[in-house]
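Here's the structure we're looking at; comments come further down.
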Amino acid sequence: MGKAKRRKKLNPNYGKPTSQDDLGDKKGAIADLNKAIELQPDDADAYYNRGNVRIELGDKQGAIADLNKAIELQPDYALAYSNRGVVRSELGDKQGAIADYNKAIKLQPDYALAYSNRGHVRSELGDKKGAIADLNKAIELQPDYAKAYINRGAVRDDLGDKKGAIADLNKAIELKPDYADAYNNRGNVRDDLGDKKGAIADLNKAIELQPDYPQAYSNRGVVRSELGDKQGAIADYNKAIKLQPDLALAYSNRGLVRSELGNKKGAIADYNKAIELQPDLALAYNNRGLVRLKLGDKQGAIEDLQKAAKLFEAQGQMAYYEKAMELWYKVIVTTW
């Protein structure tokens, strides 16, 4: 079951501030907003805008503090609830994010962005039906909302509706032709449908539009490996890792190709790193177990396959769970 894994992008969104940040001067925007707050400490918009700039700067705790203050000053501030939901989700507080999106929608029932973002979190929590309902509503409210189409496409893909996913991603690209995430996701679906040439074309386009897009390099590496271009795959994984050193999937996928090329030691090193970065990455345990078995480390293989099976089961990937258990049983039998 040595299979590479891809990553699709789902896109939460938040309301943009109106300040120097629109020109890319984030430090200048923070300075301006600090001054505005100093002059008018009860200005909810200033806290809201500063929170948004802090989101873009990666200061999530600072963003939460500012959005809390904006809500304290203006309890009916729907955009502040929605944006705080984005940050809470990114910090792992999915239920807190849902609560914020619920509040935003209650305050502003026609708020398409809040429906789209709630759909994103519902999908992450496994509520695919709820996610589809939210994304349908977002699109009904705002038919030109490209991010809602890409997010619905991702959920449809998860549900096995590949044609529906392609239709949504086509629409996202029609609405926003420079949307790198849409090309990345469509490339993944095309690969699933066996259209390797179309997948490569889409992933090339995603990289052309966004040359620092690590997931697109990693995903192209998967397709290149499937096409037999192992060195091209390695080059793509190397690039993905250079751009994002904590991208566990790229290490896991590179480990698979290294194993296929006979570099078992390099494969083990990559799987170790992938597991260090993402301890619940079941496929990394599974594939490391297979390499350990080939190296004669049966006990290590048993432990890895057992761990992989438990993770697959917990994550609802029952087909992978059954395969991992089958492999585990075979190793147990041959060991005894």
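Quick note on naming: the chains in the structure tokens go A, B, ... in the order shown, residues restart at 1 in each chain, and ligands are numbered from 1 in order of appearance.
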Practice task
Within 12 Å of A:Gln74, counting only C-alpha atoms, which residues show up once you throw out same-chain ones fewer than 5 positions away? Write them as JSON, numbers by chain, please.
Solution key: {"A": [42, 43, 44, 45, 46, 47, 48, 67, 68, 69, 79, 80, 81, 107]}
Exercise for the section: Find the residues around A:Asp157 up to 12 Å (only C-alpha atoms counted), leave out those fewer than 5 positions away in its own chain, and share them as a ChimeraX atom specification. Expected result: /A:7-10,123,128,132,150-152,162-169,185-193
Problem - Close residues, A:Gln95 itself excluded, 10 Å, only C-alpha atoms, min 3 positions apart in chain, as a list in words - result: Gly85, Arg88, Ser89, Gly92, Ile98, Ala99, Asp100, Tyr101, Val121, Arg122 and Leu125 of chain A
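Every protein or nucleic acid residue with an atom no more than 9 Å from A:Asp246, counting only C-alpha atoms and leaving out same-chain residues fewer than 4 positions away, appears here: Ile241, Ala250, Tyr251, Lys273, Ala274, Leu277 and Gln278 of chain A.
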Go ahead and write the residues just picked, N, CA, C and O atoms, as a PDB file, in the first residue's frame.
```
ATOM      1  N   ILE A 241       9.817  21.101   0.079  1.00  0.00           N
ATOM      2  CA  ILE A 241      10.424  21.112   1.418  1.00  0.00           C
ATOM      3  C   ILE A 241      11.246  22.370   1.633  1.00  0.00           C
ATOM      4  O   ILE A 241      11.238  22.954   2.724  1.00  0.00           O
ATOM      5  N   ALA A 250       5.257  16.163   2.016  1.00  0.00           N
ATOM      6  CA  ALA A 250       6.354  16.158   1.045  1.00  0.00           C
ATOM      7  C   ALA A 250       7.445  15.185   1.484  1.00  0.00           C
ATOM      8  O   ALA A 250       8.027  14.465   0.656  1.00  0.00           O
ATOM      9  N   TYR A 251       7.750  15.163   2.793  1.00  0.00           N
ATOM     10  CA  TYR A 251       8.733  14.200   3.297  1.00  0.00           C
ATOM     11  C   TYR A 251       8.233  12.772   3.103  1.00  0.00           C
ATOM     12  O   TYR A 251       8.982  11.883   2.659  1.00  0.00           O
ATOM     13  N   LYS A 273      10.959  12.009   9.626  1.00  0.00           N
ATOM     14  CA  LYS A 273      10.714  13.454   9.662  1.00  0.00           C
ATOM     15  C   LYS A 273       9.224  13.754   9.491  1.00  0.00           C
ATOM     16  O   LYS A 273       8.675  14.628  10.194  1.00  0.00           O
ATOM     17  N   ALA A 274       8.588  13.045   8.578  1.00  0.00           N
ATOM     18  CA  ALA A 274       7.153  13.261   8.362  1.00  0.00           C
ATOM     19  C   ALA A 274       6.364  12.985   9.639  1.00  0.00           C
ATOM     20  O   ALA A 274       5.467  13.746  10.016  1.00  0.00           O
ATOM     21  N   LEU A 277       6.872  15.677  12.259  1.00  0.00           N
ATOM     22  CA  LEU A 277       6.105  16.884  11.948  1.00  0.00           C
ATOM     23  C   LEU A 277       4.601  16.670  12.087  1.00  0.00           C
ATOM     24  O   LEU A 277       3.870  17.587  12.465  1.00  0.00           O
ATOM     25  N   GLN A 278       4.140  15.465  11.765  1.00  0.00           N
ATOM     26  CA  GLN A 278       2.695  15.185  11.797  1.00  0.00           C
ATOM     27  C   GLN A 278       2.479  13.793  12.362  1.00  0.00           C
ATOM     28  O   GLN A 278       2.370  12.815  11.626  1.00  0.00           O
TER      29      GLN A 278
END
```
Skipping near chain neighbours, those fewer than 4 positions away, what residues fall within 10 Å of stretch 307-324 of chain A using only C-alpha atoms, listed as a compact mmCIF listing (two decimals) with N, CA and C atoms, in the first residue's frame?
```txt
# COMPACT_ATOMS: atom_id res chain seq x y z
N MET A 1 0.84 -1.20 0.00
CA MET A 1 0.00 0.00 0.00
C MET A 1 0.87 1.25 0.00
N GLY A 126 -15.52 16.71 9.65
CA GLY A 126 -16.14 15.51 9.11
C GLY A 126 -17.60 15.64 8.76
N PRO A 279 2.39 13.68 13.68
CA PRO A 279 2.34 12.36 14.33
C PRO A 279 1.12 11.52 13.98
N ASP A 280 0.11 12.12 13.36
CA ASP A 280 -1.08 11.34 12.98
C ASP A 280 -1.10 11.00 11.48
N LEU A 281 0.05 11.10 10.82
CA LEU A 281 0.13 10.81 9.39
C LEU A 281 0.25 9.30 9.20
N ALA A 282 -0.89 8.66 9.09
CA ALA A 282 -0.95 7.19 9.09
C ALA A 282 -0.14 6.58 7.96
N LEU A 283 -0.21 7.18 6.78
CA LEU A 283 0.48 6.60 5.62
C LEU A 283 1.99 6.57 5.82
N ALA A 284 2.53 7.55 6.56
CA ALA A 284 3.98 7.55 6.82
C ALA A 284 4.36 6.36 7.69
N TYR A 285 3.54 6.06 8.70
CA TYR A 285 3.81 4.87 9.53
C TYR A 285 3.71 3.60 8.68
N ASN A 286 2.66 3.53 7.87
CA ASN A 286 2.44 2.36 7.03
C ASN A 286 3.63 2.12 6.11
N ASN A 287 4.06 3.17 5.41
CA ASN A 287 5.13 3.00 4.44
C ASN A 287 6.48 2.79 5.11
N ARG A 288 6.67 3.40 6.27
CA ARG A 288 7.92 3.14 7.01
C ARG A 288 7.95 1.67 7.45
N GLY A 289 6.77 1.14 7.84
CA GLY A 289 6.70 -0.26 8.21
C GLY A 289 7.10 -1.17 7.07
N ALA A 301 8.52 -3.14 11.84
CA ALA A 301 7.43 -3.17 10.85
C ALA A 301 6.09 -3.44 11.54
N ILE A 302 6.08 -4.38 12.48
CA ILE A 302 4.85 -4.71 13.20
C ILE A 302 4.33 -3.48 13.94
N GLU A 303 5.23 -2.78 14.63
CA GLU A 303 4.82 -1.61 15.40
C GLU A 303 4.27 -0.51 14.50
N TRP A 328 -0.15 -6.29 8.60
CA TRP A 328 0.30 -6.53 9.97
C TRP A 328 0.16 -8.01 10.31
N TYR A 329 -0.98 -8.60 9.95
CA TYR A 329 -1.23 -10.01 10.25
C TYR A 329 -0.21 -10.91 9.53
N LYS A 330 0.07 -10.59 8.27
CA LYS A 330 1.02 -11.40 7.50
C LYS A 330 2.40 -11.36 8.14
```
Can you list, as a PDB file with C-alpha atoms, in the first residue's frame, all residues belonging to stretch 210-291 of chain A that DSSP tags as helix (DSSP H, G or I)?
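The resulting file, states11.pdb, is reproduced below:
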```pdb
ATOM      1  CA  PRO A 214       4.823  24.187  -1.830  1.00  0.00           C
ATOM      2  CA  GLN A 215       1.661  22.053  -2.029  1.00  0.00           C
ATOM      3  CA  ALA A 216       1.562  22.371  -5.807  1.00  0.00           C
ATOM      4  CA  TYR A 217       5.166  21.179  -6.109  1.00  0.00           C
ATOM      5  CA  SER A 218       4.433  18.270  -3.778  1.00  0.00           C
ATOM      6  CA  ASN A 219       1.287  17.353  -5.702  1.00  0.00           C
ATOM      7  CA  ARG A 220       3.097  17.552  -9.043  1.00  0.00           C
ATOM      8  CA  GLY A 221       5.712  15.260  -7.554  1.00  0.00           C
ATOM      9  CA  VAL A 222       2.994  12.680  -6.932  1.00  0.00           C
ATOM     10  CA  VAL A 223       1.879  12.743 -10.574  1.00  0.00           C
ATOM     11  CA  ARG A 224       5.439  12.699 -11.890  1.00  0.00           C
ATOM     12  CA  SER A 225       6.169   9.651  -9.766  1.00  0.00           C
ATOM     13  CA  GLU A 226       3.039   7.921 -11.070  1.00  0.00           C
ATOM     14  CA  LYS A 230      11.078   9.537 -10.226  1.00  0.00           C
ATOM     15  CA  GLN A 231      13.874  12.109 -10.439  1.00  0.00           C
ATOM     16  CA  GLY A 232      11.385  14.804 -11.428  1.00  0.00           C
ATOM     17  CA  ALA A 233       9.271  13.790  -8.444  1.00  0.00           C
ATOM     18  CA  ILE A 234      12.280  14.027  -6.110  1.00  0.00           C
ATOM     19  CA  ALA A 235      13.068  17.492  -7.495  1.00  0.00           C
ATOM     20  CA  ASP A 236       9.483  18.626  -6.818  1.00  0.00           C
ATOM     21  CA  TYR A 237       9.505  17.248  -3.267  1.00  0.00           C
ATOM     22  CA  ASN A 238      12.852  18.911  -2.616  1.00  0.00           C
ATOM     23  CA  LYS A 239      11.424  22.235  -3.792  1.00  0.00           C
ATOM     24  CA  ALA A 240       8.295  21.817  -1.666  1.00  0.00           C
ATOM     25  CA  ILE A 241      10.424  21.112   1.418  1.00  0.00           C
ATOM     26  CA  LYS A 242      12.685  24.070   0.705  1.00  0.00           C
ATOM     27  CA  LEU A 243       9.639  26.348   0.497  1.00  0.00           C
ATOM     28  CA  ALA A 248       5.062  16.505   6.344  1.00  0.00           C
ATOM     29  CA  LEU A 249       3.389  15.150   3.194  1.00  0.00           C
ATOM     30  CA  ALA A 250       6.354  16.158   1.045  1.00  0.00           C
ATOM     31  CA  TYR A 251       8.733  14.200   3.297  1.00  0.00           C
ATOM     32  CA  SER A 252       6.414  11.184   3.314  1.00  0.00           C
ATOM     33  CA  ASN A 253       5.999  11.250  -0.460  1.00  0.00           C
ATOM     34  CA  ARG A 254       9.727  11.707  -1.053  1.00  0.00           C
ATOM     35  CA  GLY A 255      10.319   8.748   1.252  1.00  0.00           C
ATOM     36  CA  LEU A 256       8.131   6.606  -0.992  1.00  0.00           C
ATOM     37  CA  VAL A 257      10.086   7.554  -4.124  1.00  0.00           C
ATOM     38  CA  ARG A 258      13.424   7.074  -2.352  1.00  0.00           C
ATOM     39  CA  SER A 259      12.304   3.606  -1.327  1.00  0.00           C
ATOM     40  CA  GLU A 260      11.294   2.794  -4.911  1.00  0.00           C
ATOM     41  CA  LYS A 264      15.963   2.680   1.985  1.00  0.00           C
ATOM     42  CA  LYS A 265      18.033   4.693   4.476  1.00  0.00           C
ATOM     43  CA  GLY A 266      16.906   7.958   2.880  1.00  0.00           C
ATOM     44  CA  ALA A 267      13.307   6.701   2.876  1.00  0.00           C
ATOM     45  CA  ILE A 268      13.417   5.903   6.597  1.00  0.00           C
ATOM     46  CA  ALA A 269      14.864   9.363   7.313  1.00  0.00           C
ATOM     47  CA  ASP A 270      12.026  11.003   5.362  1.00  0.00           C
ATOM     48  CA  TYR A 271       9.317   8.958   7.085  1.00  0.00           C
ATOM     49  CA  ASN A 272      10.858   9.749  10.469  1.00  0.00           C
ATOM     50  CA  LYS A 273      10.714  13.454   9.662  1.00  0.00           C
ATOM     51  CA  ALA A 274       7.153  13.261   8.362  1.00  0.00           C
ATOM     52  CA  ILE A 275       6.029  11.539  11.573  1.00  0.00           C
ATOM     53  CA  GLU A 276       7.923  14.042  13.717  1.00  0.00           C
ATOM     54  CA  LEU A 277       6.105  16.884  11.948  1.00  0.00           C
ATOM     55  CA  ALA A 282      -0.945   7.195   9.088  1.00  0.00           C
ATOM     56  CA  LEU A 283       0.477   6.605   5.624  1.00  0.00           C
ATOM     57  CA  ALA A 284       3.976   7.550   6.824  1.00  0.00           C
ATOM     58  CA  TYR A 285       3.810   4.868   9.526  1.00  0.00           C
ATOM     59  CA  ASN A 286       2.441   2.360   7.034  1.00  0.00           C
ATOM     60  CA  ASN A 287       5.130   3.002   4.438  1.00  0.00           C
ATOM     61  CA  ARG A 288       7.915   3.135   7.010  1.00  0.00           C
ATOM     62  CA  GLY A 289       6.698  -0.260   8.211  1.00  0.00           C
ATOM     63  CA  LEU A 290       7.037  -1.645   4.689  1.00  0.00           C
ATOM     64  CA  VAL A 291      10.602  -0.345   4.371  1.00  0.00           C
TER      65      VAL A 291
END
```
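Atom pair atom CA of A:Asp158 / atom CA of A:Lys129: separated by 11.1 Å.
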Interface rows for stretch 54-164 of chain A against stretch 25-31 of chain A: nearest pair, Å to one decimal, 12 Å, only C-alpha atoms, as a tab-separated table:
```
residue	atom	partner	partner_atom	distance
A:Arg54	CA	A:Ile30	CA	8.0
A:Ile55	CA	A:Lys26	CA	10.6
A:Glu56	CA	A:Lys26	CA	8.3
A:Leu57	CA	A:Lys26	CA	7.6
A:Gly58	CA	A:Lys26	CA	11.4
A:Asp59	CA	A:Ile30	CA	11.8
A:Gly62	CA	A:Ile30	CA	11.6
A:Ala63	CA	A:Ile30	CA	11.6
A:Asp66	CA	A:Ile30	CA	11.8
```
Quick one: write out the picked residues with N, CA, C and O atoms as a PDB file, in the first residue's frame?
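Result file is result_8.pdb:
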```pdb
ATOM      1  N   ARG A  54      -2.806  41.873  11.735  1.00  0.00           N
ATOM      2  CA  ARG A  54      -2.054  40.925  12.563  1.00  0.00           C
ATOM      3  C   ARG A  54      -2.233  39.488  12.069  1.00  0.00           C
ATOM      4  O   ARG A  54      -1.296  38.691  12.116  1.00  0.00           O
ATOM      5  N   ILE A  55      -3.420  39.166  11.565  1.00  0.00           N
ATOM      6  CA  ILE A  55      -3.624  37.842  10.956  1.00  0.00           C
ATOM      7  C   ILE A  55      -2.617  37.648   9.826  1.00  0.00           C
ATOM      8  O   ILE A  55      -1.936  36.617   9.740  1.00  0.00           O
ATOM      9  N   GLU A  56      -2.514  38.637   8.959  1.00  0.00           N
ATOM     10  CA  GLU A  56      -1.628  38.512   7.798  1.00  0.00           C
ATOM     11  C   GLU A  56      -0.159  38.464   8.210  1.00  0.00           C
ATOM     12  O   GLU A  56       0.673  37.890   7.509  1.00  0.00           O
ATOM     13  N   LEU A  57       0.157  39.057   9.346  1.00  0.00           N
ATOM     14  CA  LEU A  57       1.531  39.030   9.855  1.00  0.00           C
ATOM     15  C   LEU A  57       1.820  37.759  10.646  1.00  0.00           C
ATOM     16  O   LEU A  57       2.952  37.557  11.102  1.00  0.00           O
ATOM     17  N   GLY A  58       0.810  36.913  10.835  1.00  0.00           N
ATOM     18  CA  GLY A  58       1.006  35.668  11.571  1.00  0.00           C
ATOM     19  C   GLY A  58       0.868  35.796  13.075  1.00  0.00           C
ATOM     20  O   GLY A  58       1.094  34.832  13.810  1.00  0.00           O
ATOM     21  N   ASP A  59       0.480  36.979  13.555  1.00  0.00           N
ATOM     22  CA  ASP A  59       0.324  37.220  14.992  1.00  0.00           C
ATOM     23  C   ASP A  59      -1.104  36.853  15.388  1.00  0.00           C
ATOM     24  O   ASP A  59      -1.968  37.715  15.569  1.00  0.00           O
ATOM     25  N   GLY A  62      -2.337  38.115  18.885  1.00  0.00           N
ATOM     26  CA  GLY A  62      -2.612  39.545  18.813  1.00  0.00           C
ATOM     27  C   GLY A  62      -3.893  39.828  18.057  1.00  0.00           C
ATOM     28  O   GLY A  62      -4.675  40.723  18.432  1.00  0.00           O
ATOM     29  N   ALA A  63      -4.129  39.042  16.994  1.00  0.00           N
ATOM     30  CA  ALA A  63      -5.361  39.206  16.218  1.00  0.00           C
ATOM     31  C   ALA A  63      -6.580  38.876  17.075  1.00  0.00           C
ATOM     32  O   ALA A  63      -7.586  39.607  17.057  1.00  0.00           O
ATOM     33  N   ASP A  66      -7.312  41.722  19.454  1.00  0.00           N
ATOM     34  CA  ASP A  66      -7.939  42.874  18.794  1.00  0.00           C
ATOM     35  C   ASP A  66      -9.385  42.599  18.418  1.00  0.00           C
ATOM     36  O   ASP A  66     -10.260  43.466  18.571  1.00  0.00           O
TER      37      ASP A  66
END
```
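When atom CA of A:Thr334 is paired with atom CA of A:Gly300, their separation reads 14.0 Å.
Interatomic distance, atom CA of A:Val331 to atom CA of A:Gly262: 21.3 Å.
Those residues that approach stretch 135-143 of chain A to within 9 Å, counting only C-alpha atoms, are Asp110, Tyr111, Ala112, Leu113, Ala114, Tyr115, Ser116, Asn117, Arg118, Gly119, His120, Gly130, Ala131, Ile132, Ala146, Ala148, Tyr149, Asn151 and Arg152 of chain A; same-chain residues fewer than 3 positions away are not listed.
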Those same residues, written as a short mmCIF file (atom, residue, chain, number, x, y, z; two decimals), in the first residue's frame with N, CA and C atoms?
```
data_model
loop_
_atom_site.label_atom_id
_atom_site.label_comp_id
_atom_site.auth_asym_id
_atom_site.auth_seq_id
_atom_site.Cartn_x
_atom_site.Cartn_y
_atom_site.Cartn_z
N ASP A 110 -27.31 37.25 5.51
CA ASP A 110 -26.90 37.20 4.11
C ASP A 110 -25.38 37.27 3.95
N TYR A 111 -24.65 36.88 4.98
CA TYR A 111 -23.20 37.00 5.02
C TYR A 111 -22.57 35.75 4.38
N ALA A 112 -22.35 35.79 3.08
CA ALA A 112 -21.86 34.63 2.33
C ALA A 112 -20.52 34.13 2.86
N LEU A 113 -19.63 35.03 3.21
CA LEU A 113 -18.31 34.64 3.67
C LEU A 113 -18.39 33.79 4.93
N ALA A 114 -19.29 34.14 5.85
CA ALA A 114 -19.43 33.37 7.09
C ALA A 114 -19.94 31.96 6.79
N TYR A 115 -20.89 31.82 5.86
CA TYR A 115 -21.35 30.49 5.47
C TYR A 115 -20.21 29.67 4.87
N SER A 116 -19.42 30.30 3.99
CA SER A 116 -18.31 29.60 3.36
C SER A 116 -17.29 29.14 4.39
N ASN A 117 -16.97 30.03 5.33
CA ASN A 117 -15.98 29.67 6.34
C ASN A 117 -16.50 28.59 7.29
N ARG A 118 -17.79 28.67 7.63
CA ARG A 118 -18.35 27.62 8.49
C ARG A 118 -18.35 26.29 7.75
N GLY A 119 -18.63 26.33 6.45
CA GLY A 119 -18.57 25.11 5.65
C GLY A 119 -17.18 24.50 5.66
N HIS A 120 -16.17 25.35 5.59
CA HIS A 120 -14.78 24.90 5.63
C HIS A 120 -14.50 24.14 6.92
N GLY A 130 -23.18 19.02 6.19
CA GLY A 130 -23.33 20.39 6.68
C GLY A 130 -22.46 21.35 5.90
N ALA A 131 -21.26 20.89 5.52
CA ALA A 131 -20.35 21.74 4.74
C ALA A 131 -20.96 22.08 3.39
N ILE A 132 -21.51 21.07 2.71
CA ILE A 132 -22.13 21.30 1.41
C ILE A 132 -23.29 22.29 1.54
N ALA A 146 -15.67 32.90 -5.80
CA ALA A 146 -14.79 31.84 -6.28
C ALA A 146 -14.34 30.91 -5.16
N ALA A 148 -15.88 30.01 -2.49
CA ALA A 148 -16.93 29.07 -2.12
C ALA A 148 -16.98 27.90 -3.09
N TYR A 149 -16.80 28.18 -4.37
CA TYR A 149 -16.77 27.09 -5.36
C TYR A 149 -15.58 26.16 -5.11
N ASN A 151 -14.02 25.61 -2.33
CA ASN A 151 -14.24 24.84 -1.11
C ASN A 151 -15.29 23.75 -1.30
N ARG A 152 -16.37 24.08 -2.04
CA ARG A 152 -17.36 23.04 -2.31
C ARG A 152 -16.77 21.94 -3.18
#
```
Handout entry: Selected residue, from A:Ala201, A:Ala104, A:Leu305, A:Leu295, that lies nearest to A:Ile71 when counting only C-alpha atoms
Key = A:Ala104
